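Enquirer: Next up is a structure, given as structure tokens.
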Amino acid sequence: MEQVVIIQDKNEIESVLQQSKQFGLFKICTYSYRDFKEEVHLGFLKGCLILKKSRSLDEFIPLIMRIRRVTKVPIILLVDMYDSFESAICLEAGADEYVAYPIHPRDLSARIKAVMRRSYQEKFEEEKETILNFGDITIYLNREEVYRNKTRIDLNGREFAILLYLLKKSGRIVTREELMEAISVYKNKRLIDIYIHGLRSKIEDLPNFPKFIRTIKGKGYRFEHDYSI
């Protein structure tokens with residue numbers, strides 16, 4: 001169950017939320033500022049954080065920034081009086097909403113649900129798998145896995161890095177020096193040829209007559225196939 005964690009000096013926000021009939025699906029936890037420890041109470045929070053501002057801005061901004069270092073859950077600030085300058089500072093520090101209080105229970109409930117929807121949609125977009133395709137090769141970037149005809153190919157870390165670099169520079173000549181930089185190898189150019197040979201043996205139908213990773217004599221290599229995402 002998703003949680004709403006409320007930080008306040010007076011126990012008032014919880015009773016406001018309980019008045020909203022829409023709010024029965026959430027668990028509410030309340031802490032005073034004195035008892036609240038962001039590392040302890042927010043490490044595994046899935047939901048929303050509400051802060052009732054009752055302190056100076058000089059104390060409040062560092063708190064928001066410390067919270068943001070611990071968690072990405074949305075933060076709603078409730079303030080006694082709306083101030084556009086203060087709102088801008090709080091939002092830049094990491095807050096998601098800056099709202100004047102008192103507020104109607106239904107309005108507060110709707111805002112909580114809205115910021116959580118936005119937060120989880122952003123997280124979903126971040127975690128959504130990015131897939132590259134060329135020929136019969138499929139690359140799952142997030143998992144760093146490569147498949148050929150739905151069979152996984154075992155690439156080591158440097159082979160994978162070289163393949164991605166060549167794809168990124170598709171259609172352009174890539175020198176051995178560039179590839180050495182890409183995989184943090186700075187002395188032995190021959191290592192690049194060894195990795196290229198290994199890549200070709202795994203992704204090419206005819207490694208001795210490659211159609212993807214072509215050798216450009218005296219210059220380097222060029223990836224010669226369009227890929228799609």
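Ordering of the structure tokens sets the chain letters (A, B, ...), residue numbers begin anew at 1 in every chain, and ligands are numbered from 1 in the order given.
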Name the residues in contact with stretch 103-105 of chain A at a cut-off of 9 Å, using only C-alpha atoms, excluding same-chain residues fewer than 4 positions from it; report them as a PDB file with N, CA, C and O atoms, in the first residue's frame.
Expert:
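Written file, part_17.pdb:
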```
ATOM      1  N   VAL A  16      -7.241  16.370   8.410  1.00  0.00           N
ATOM      2  CA  VAL A  16      -7.787  16.952   7.178  1.00  0.00           C
ATOM      3  C   VAL A  16      -7.919  15.886   6.103  1.00  0.00           C
ATOM      4  O   VAL A  16      -8.950  15.777   5.422  1.00  0.00           O
ATOM      5  N   LEU A  17      -6.887  15.060   5.943  1.00  0.00           N
ATOM      6  CA  LEU A  17      -6.932  14.017   4.925  1.00  0.00           C
ATOM      7  C   LEU A  17      -8.017  12.985   5.223  1.00  0.00           C
ATOM      8  O   LEU A  17      -8.656  12.464   4.313  1.00  0.00           O
ATOM      9  N   GLN A  18      -8.213  12.684   6.485  1.00  0.00           N
ATOM     10  CA  GLN A  18      -9.211  11.679   6.841  1.00  0.00           C
ATOM     11  C   GLN A  18     -10.619  12.125   6.464  1.00  0.00           C
ATOM     12  O   GLN A  18     -11.529  11.308   6.328  1.00  0.00           O
ATOM     13  N   GLN A  19     -10.798  13.423   6.251  1.00  0.00           N
ATOM     14  CA  GLN A  19     -12.115  13.935   5.859  1.00  0.00           C
ATOM     15  C   GLN A  19     -12.433  13.651   4.395  1.00  0.00           C
ATOM     16  O   GLN A  19     -13.576  13.776   3.966  1.00  0.00           O
ATOM     17  N   SER A  20     -11.420  13.309   3.626  1.00  0.00           N
ATOM     18  CA  SER A  20     -11.634  13.038   2.211  1.00  0.00           C
ATOM     19  C   SER A  20     -12.006  11.575   2.014  1.00  0.00           C
ATOM     20  O   SER A  20     -11.258  10.677   2.356  1.00  0.00           O
ATOM     21  N   LYS A  21     -13.157  11.336   1.428  1.00  0.00           N
ATOM     22  CA  LYS A  21     -13.603   9.958   1.185  1.00  0.00           C
ATOM     23  C   LYS A  21     -12.711   9.256   0.152  1.00  0.00           C
ATOM     24  O   LYS A  21     -12.708   8.037   0.072  1.00  0.00           O
ATOM     25  N   LEU A  78       3.065  22.581   2.459  1.00  0.00           N
ATOM     26  CA  LEU A  78       1.890  23.342   2.880  1.00  0.00           C
ATOM     27  C   LEU A  78       2.374  24.539   3.680  1.00  0.00           C
ATOM     28  O   LEU A  78       3.099  24.380   4.670  1.00  0.00           O
ATOM     29  N   VAL A  99       1.804  24.826  -1.697  1.00  0.00           N
ATOM     30  CA  VAL A  99       0.361  25.056  -1.611  1.00  0.00           C
ATOM     31  C   VAL A  99       0.018  25.793  -0.324  1.00  0.00           C
ATOM     32  O   VAL A  99       0.538  25.462   0.758  1.00  0.00           O
ATOM     33  N   SER A 109      -6.189  15.828  -1.333  1.00  0.00           N
ATOM     34  CA  SER A 109      -6.168  14.438  -1.780  1.00  0.00           C
ATOM     35  C   SER A 109      -5.887  14.346  -3.277  1.00  0.00           C
ATOM     36  O   SER A 109      -5.088  13.524  -3.734  1.00  0.00           O
ATOM     37  N   ALA A 110      -6.519  15.223  -4.064  1.00  0.00           N
ATOM     38  CA  ALA A 110      -6.318  15.220  -5.513  1.00  0.00           C
ATOM     39  C   ALA A 110      -4.885  15.592  -5.871  1.00  0.00           C
ATOM     40  O   ALA A 110      -4.281  15.023  -6.788  1.00  0.00           O
TER      41      ALA A 110
END
```
Enquirer: Identify all residues of stretch 3-127 of chain A in strand (DSSP E or B) (DSSP on the backbone) and supply them as a CSV table (one decimal) with all heavy atoms, in the first residue's frame.
Expert:
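Result went into result-v2.csv, see below:
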```csv
chain,number,residue,atom,x,y,z
A,3,GLN,N,2.1,5.0,0.8
A,3,GLN,CA,2.1,5.8,2.1
A,3,GLN,C,2.1,7.2,1.8
A,3,GLN,O,2.7,7.7,0.8
A,3,GLN,CB,3.3,5.4,2.9
A,3,GLN,CG,3.2,4.1,3.7
A,3,GLN,CD,4.4,3.9,4.6
A,3,GLN,OE1,5.5,4.2,4.3
A,3,GLN,NE2,4.1,3.4,5.8
A,4,VAL,N,1.5,8.0,2.7
A,4,VAL,CA,1.7,9.4,2.8
A,4,VAL,C,2.3,9.7,4.1
A,4,VAL,O,1.8,9.5,5.1
A,4,VAL,CB,0.3,10.2,2.6
A,4,VAL,CG1,0.5,11.7,2.8
A,4,VAL,CG2,-0.3,9.9,1.3
A,5,VAL,N,3.6,10.3,4.0
A,5,VAL,CA,4.3,10.6,5.3
A,5,VAL,C,4.1,12.1,5.5
A,5,VAL,O,4.4,12.9,4.6
A,5,VAL,CB,5.8,10.2,5.1
A,5,VAL,CG1,6.5,10.8,6.4
A,5,VAL,CG2,5.9,8.7,5.0
A,6,ILE,N,3.6,12.5,6.7
A,6,ILE,CA,3.4,13.9,7.0
A,6,ILE,C,4.4,14.3,8.1
A,6,ILE,O,4.5,13.7,9.1
A,6,ILE,CB,1.9,14.1,7.5
A,6,ILE,CG1,0.9,13.6,6.5
A,6,ILE,CG2,1.7,15.5,7.8
A,6,ILE,CD1,-0.5,13.4,7.0
A,7,ILE,N,5.1,15.4,7.8
A,7,ILE,CA,6.0,16.0,8.8
A,7,ILE,C,5.3,17.3,9.3
A,7,ILE,O,5.1,18.2,8.4
A,7,ILE,CB,7.4,16.3,8.3
A,7,ILE,CG1,7.8,15.1,7.4
A,7,ILE,CG2,8.3,16.6,9.4
A,7,ILE,CD1,7.9,13.8,8.2
A,27,LYS,N,-2.0,4.7,3.3
A,27,LYS,CA,-1.6,4.6,4.7
A,27,LYS,C,-0.9,5.9,5.1
A,27,LYS,O,-0.1,6.4,4.3
A,27,LYS,CB,-0.6,3.5,4.9
A,27,LYS,CG,-0.1,3.3,6.4
A,27,LYS,CD,0.9,2.2,6.5
A,27,LYS,CE,1.4,2.1,8.0
A,27,LYS,NZ,2.4,1.0,8.1
A,28,ILE,N,-1.3,6.5,6.2
A,28,ILE,CA,-0.8,7.8,6.6
A,28,ILE,C,0.1,7.6,7.8
A,28,ILE,O,-0.2,6.9,8.8
A,28,ILE,CB,-1.9,8.7,7.0
A,28,ILE,CG1,-2.9,9.0,5.9
A,28,ILE,CG2,-1.3,10.1,7.5
A,28,ILE,CD1,-4.1,9.8,6.2
A,29,CYS,N,1.4,8.1,7.7
A,29,CYS,CA,2.3,8.1,8.8
A,29,CYS,C,2.7,9.6,9.2
A,29,CYS,O,2.9,10.4,8.3
A,29,CYS,CB,3.6,7.4,8.5
A,29,CYS,SG,3.3,5.6,8.1
A,30,THR,N,2.7,9.9,10.5
A,30,THR,CA,2.9,11.3,10.9
A,30,THR,C,4.1,11.3,11.8
A,30,THR,O,4.3,10.5,12.7
A,30,THR,CB,1.7,11.9,11.6
A,30,THR,OG1,0.6,11.8,10.7
A,30,THR,CG2,1.9,13.3,12.0
A,31,TYR,N,5.0,12.3,11.6
A,31,TYR,CA,6.2,12.5,12.4
A,31,TYR,C,6.3,14.0,12.8
A,31,TYR,O,5.9,14.9,11.9
A,31,TYR,CB,7.5,12.1,11.8
A,31,TYR,CG,7.5,10.6,11.4
A,31,TYR,CD1,7.2,10.3,10.0
A,31,TYR,CD2,7.8,9.6,12.3
A,31,TYR,CE1,7.2,8.9,9.7
A,31,TYR,CE2,7.8,8.3,11.9
A,31,TYR,CZ,7.5,8.0,10.6
A,31,TYR,OH,7.6,6.7,10.2
A,47,GLY,N,5.3,6.5,-2.2
A,47,GLY,CA,4.1,7.3,-1.9
A,47,GLY,C,4.4,8.8,-2.1
A,47,GLY,O,4.8,9.2,-3.1
A,48,CYS,N,4.2,9.5,-1.0
A,48,CYS,CA,4.2,11.0,-1.1
A,48,CYS,C,4.6,11.5,0.3
A,48,CYS,O,4.4,10.9,1.3
A,48,CYS,CB,2.9,11.5,-1.5
A,48,CYS,SG,2.8,13.3,-1.6
A,49,LEU,N,5.3,12.7,0.3
A,49,LEU,CA,5.8,13.3,1.5
A,49,LEU,C,5.1,14.7,1.6
A,49,LEU,O,5.2,15.5,0.6
A,49,LEU,CB,7.3,13.4,1.5
A,49,LEU,CG,7.9,14.1,2.7
A,49,LEU,CD1,7.7,13.3,4.0
A,49,LEU,CD2,9.4,14.3,2.5
A,50,ILE,N,4.5,15.0,2.7
A,50,ILE,CA,3.9,16.3,3.0
A,50,ILE,C,4.7,17.0,4.1
A,50,ILE,O,4.8,16.4,5.2
A,50,ILE,CB,2.4,16.2,3.3
A,50,ILE,CG1,1.6,15.6,2.2
A,50,ILE,CG2,1.8,17.6,3.7
A,50,ILE,CD1,0.2,15.3,2.5
A,51,LEU,N,5.1,18.2,3.8
A,51,LEU,CA,5.8,19.0,4.9
A,51,LEU,C,4.9,20.2,5.2
A,51,LEU,O,4.6,21.0,4.3
A,51,LEU,CB,7.2,19.5,4.4
A,51,LEU,CG,8.2,18.4,3.9
A,51,LEU,CD1,9.5,19.1,3.5
A,51,LEU,CD2,8.4,17.4,5.0
A,52,LYS,N,4.5,20.4,6.4
A,52,LYS,CA,3.8,21.6,6.9
A,52,LYS,C,4.9,22.6,7.4
A,52,LYS,O,5.5,22.4,8.4
A,52,LYS,CB,2.8,21.2,8.0
A,52,LYS,CG,2.1,22.5,8.6
A,52,LYS,CD,1.3,23.2,7.5
A,52,LYS,CE,0.4,24.2,8.1
A,52,LYS,NZ,1.2,25.4,8.7
A,75,ILE,N,7.2,15.7,-3.1
A,75,ILE,CA,7.2,16.4,-1.9
A,75,ILE,C,6.1,17.6,-2.1
A,75,ILE,O,6.3,18.4,-3.0
A,75,ILE,CB,8.5,17.1,-1.5
A,75,ILE,CG1,9.6,16.0,-1.3
A,75,ILE,CG2,8.4,17.9,-0.3
A,75,ILE,CD1,11.0,16.5,-1.1
A,76,ILE,N,5.1,17.6,-1.2
A,76,ILE,CA,4.2,18.7,-1.2
A,76,ILE,C,4.4,19.6,0.0
A,76,ILE,O,4.5,19.1,1.2
A,76,ILE,CB,2.7,18.2,-1.2
A,76,ILE,CG1,2.4,17.4,-2.4
A,76,ILE,CG2,1.7,19.3,-1.0
A,76,ILE,CD1,1.0,16.8,-2.4
A,77,LEU,N,4.6,20.9,-0.2
A,77,LEU,CA,4.8,21.8,0.9
A,77,LEU,C,3.5,22.5,1.2
A,77,LEU,O,2.8,23.1,0.3
A,77,LEU,CB,5.9,22.8,0.6
A,77,LEU,CG,7.2,22.3,0.1
A,77,LEU,CD1,8.2,23.4,-0.2
A,77,LEU,CD2,7.8,21.3,1.1
A,78,LEU,N,3.1,22.6,2.5
A,78,LEU,CA,1.9,23.3,2.9
A,78,LEU,C,2.4,24.5,3.7
A,78,LEU,O,3.1,24.4,4.7
A,78,LEU,CB,1.0,22.5,3.7
A,78,LEU,CG,0.4,21.2,3.0
A,78,LEU,CD1,-0.5,20.5,4.0
A,78,LEU,CD2,-0.3,21.6,1.7
A,79,VAL,N,2.0,25.7,3.3
A,79,VAL,CA,2.5,27.0,3.9
A,79,VAL,C,1.3,27.8,4.3
A,79,VAL,O,0.2,27.7,3.7
A,79,VAL,CB,3.4,27.8,2.9
A,79,VAL,CG1,4.6,26.9,2.6
A,79,VAL,CG2,2.6,28.1,1.7
A,97,GLU,N,5.3,20.5,-5.1
A,97,GLU,CA,4.1,21.4,-5.0
A,97,GLU,C,4.3,22.4,-3.8
A,97,GLU,O,4.9,22.0,-2.8
A,97,GLU,CB,2.9,20.6,-4.7
A,97,GLU,CG,2.4,19.8,-5.9
A,97,GLU,CD,1.4,20.5,-6.7
A,97,GLU,OE1,1.0,21.7,-6.4
A,97,GLU,OE2,1.0,20.0,-7.8
A,98,TYR,N,3.8,23.6,-4.0
A,98,TYR,CA,3.9,24.6,-2.9
A,98,TYR,C,2.5,25.2,-2.8
A,98,TYR,O,2.0,25.8,-3.7
A,98,TYR,CB,4.9,25.7,-3.3
A,98,TYR,CG,5.1,26.8,-2.3
A,98,TYR,CD1,6.1,26.8,-1.4
A,98,TYR,CD2,4.3,28.0,-2.4
A,98,TYR,CE1,6.3,27.9,-0.5
A,98,TYR,CE2,4.4,29.0,-1.5
A,98,TYR,CZ,5.4,29.0,-0.6
A,98,TYR,OH,5.6,30.0,0.3
A,99,VAL,N,1.8,24.8,-1.7
A,99,VAL,CA,0.4,25.1,-1.6
A,99,VAL,C,0.0,25.8,-0.3
A,99,VAL,O,0.5,25.5,0.8
A,99,VAL,CB,-0.4,23.7,-1.6
A,99,VAL,CG1,-1.9,24.0,-1.6
A,99,VAL,CG2,0.0,22.9,-2.8
A,100,ALA,N,-0.9,26.8,-0.4
A,100,ALA,CA,-1.3,27.5,0.7
A,100,ALA,C,-2.2,26.6,1.6
A,100,ALA,O,-3.1,25.9,1.1
A,100,ALA,CB,-2.1,28.8,0.3
```
Enquirer: So which one's closest to A:Leu199, A:Asp154, A:Glu144, A:Asp83, A:Glu224? Using only C-alpha atoms, please.
Expert: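 Of all the options, A:Asp154 lies closest to A:Leu199.
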Enquirer: Can you tell me, as a ChimeraX atom specification, what residues are no more than 12 Å from A:Lys150 when counting only C-alpha atoms, ignoring any on the same chain fewer than 6 positions away?
Expert: /A:133,136-140
Enquirer: Smallest atom-to-atom distance to A:Glu204: which of A:Asn149, A:Asn188, A:Asn11, A:Ser56, using only C-alpha atoms?
Expert: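 Residue with the minimum atom-to-atom distance to A:Glu204: A:Asn149.
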